[in-house]
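Participant: Provided herewith is a single structure, encoded as structure tokens, for subsequent inquiry.
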Amino acid sequence: MKFLMANLAGSVFLLLALISQSHGSKTDYRSRNEVALFIFGDSFLDAGNNNYINTTTLDQANFWPYGETYFKFPTGRFSDGRLVSDFIAEYANLPLVPPFLQPGITQYHNGVNFASGGAGALVETFQGSVIPLKTQARNFKKVRGWCEHKLEVRRLKIIVIKRCLHV
């Protein structure tokens, strides 16, 4: 029970961090600022990462009844509908945030979901069966590098355009 409460507290903490980054009125945030959600956690926030790792079906949600109510098919979410992070994305006028391990995801403009059902703050939590928080953070570091590169390229393009307009 103590172990379960520690995992739950971690999810709530990470969720609060997301809320503090994305609160406000229901306007188009992207017109003022770039908004992206980067989600870390366990099954409360996993959008399907466990579908793409070598684990047991106990740690996956890619079968019925998961997804039955909202999506009409299993998505990998440990819910029959949307997750709290899906509602936050909707509130911020963002599309659903895809799982980091989903094949074909190469751009992270709107963020990405690193959460893994069964994960905990300790690497030993279901070791080898889930993506621990430490690995989620390491994956975020890779995405952050991609985002920083894209922002730098964009800044350089803006500088070039401004200089061309001043000639």
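Note on naming: chains are A, B, ... as they come in the structure tokens, residues start from 1 per chain, ligands start from 1 in the order shown.
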Need to verify the contact set: Phe40 (chain A), 7 Å, only C-alpha atoms, exclusion of same-chain residues closer than 6 positions in sequence. Can you return it as a ChimeraX atom specification?
Facilitator: /A:14,113-115,136
Participant: Using CA of Gly117 (chain A) and CA of Gly145 (chain A) as the two end points, give the distance in Å to one decimal.
Facilitator: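 Computing the Euclidean distance for CA of Gly117 (chain A) and CA of Gly145 (chain A) yields 25.3 Å.
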Participant: Smallest atom-to-atom distance to Asn93 (chain A): which of A:Ala121, A:Ala36, A:Val153, A:Leu165, using only C-alpha atoms?
Facilitator: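 Ranked by minimum distance to Asn93 (chain A), first place goes to A:Ala36.
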Participant: Write out as a ChimeraX atom specification the residues lying within 6 Å of Ala61 (chain A), counting only C-alpha atoms and excluding same-chain residues fewer than 2 positions away.
Facilitator: /A:63,76-78
Participant: Write out as JSON, numbers by chain the residues lying within 10 Å of region 94-96 of chain A, counting only C-alpha atoms and excluding same-chain residues fewer than 4 positions away.
Facilitator: {"A": [28, 29, 30, 35, 36, 37, 47, 82, 83, 85, 86, 87, 88, 89, 90, 109, 110, 111, 112, 113]}
Participant: Write out as number ranges by chain all residues of region 19-158 of chain A that DSSP puts in helix (DSSP H, G or I) for this structure's backbone.
Facilitator: A: 19-21, 29-32, 49-52, 57-59, 84-91, 133-158
Participant: Pick out the residues sitting within 8 Å of Pro65 (chain A), and hand them over as a list in words; count only C-alpha atoms, and ignore anything fewer than 3 positions along from it in its own chain.
Facilitator: Glu68, Pro74 and Asp80 of chain A
Participant: Can you tell me how far CA of Gly128 (chain A) sits from CA of Asp42 (chain A), in Å to one decimal?
Facilitator: 14.5 Å
Participant: Identify which of the residues A:Phe100, A:Tyr108, A:Phe71, A:Tyr91 lies closest to Leu151 (chain A), counting only C-alpha atoms when measuring atom-to-atom distances.
Facilitator: A:Tyr108
Participant: Can you tell me, as a VMD selection string, what residues are no more than 10 Å from Ala119 (chain A) when counting only C-alpha atoms, ignoring any on the same chain fewer than 5 positions away?
Facilitator: chain A and resid 7 10 to 11 40 to 43 46 59 124 to 127 129 to 134 136
Participant: Mind the document's chain letters and residue numbers, and return as an mmCIF file with C-alpha atoms, in the first residue's frame the residues of region 14-167 of chain A that DSSP labels strand (DSSP E).
Facilitator:
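Generated output (part.cif):
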data_model
loop_
_atom_site.group_PDB
_atom_site.id
_atom_site.type_symbol
_atom_site.label_atom_id
_atom_site.label_comp_id
_atom_site.auth_asym_id
_atom_site.auth_seq_id
_atom_site.Cartn_x
_atom_site.Cartn_y
_atom_site.Cartn_z
ATOM 1 C CA LEU A 37 3.235 19.312 -23.039
ATOM 2 C CA PHE A 38 5.952 16.922 -21.906
ATOM 3 C CA ILE A 39 4.360 14.265 -19.736
ATOM 4 C CA GLY A 111 5.109 17.854 -26.822
ATOM 5 C CA VAL A 112 5.327 14.146 -26.202
ATOM 6 C CA ASN A 113 4.277 11.672 -23.520
#
Participant: Separation of CA of Gly81 (chain A) and CA of Lys141 (chain A), in Å?
Facilitator: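 For CA of Gly81 (chain A) relative to CA of Lys141 (chain A), the distance reads 29.4 Å.
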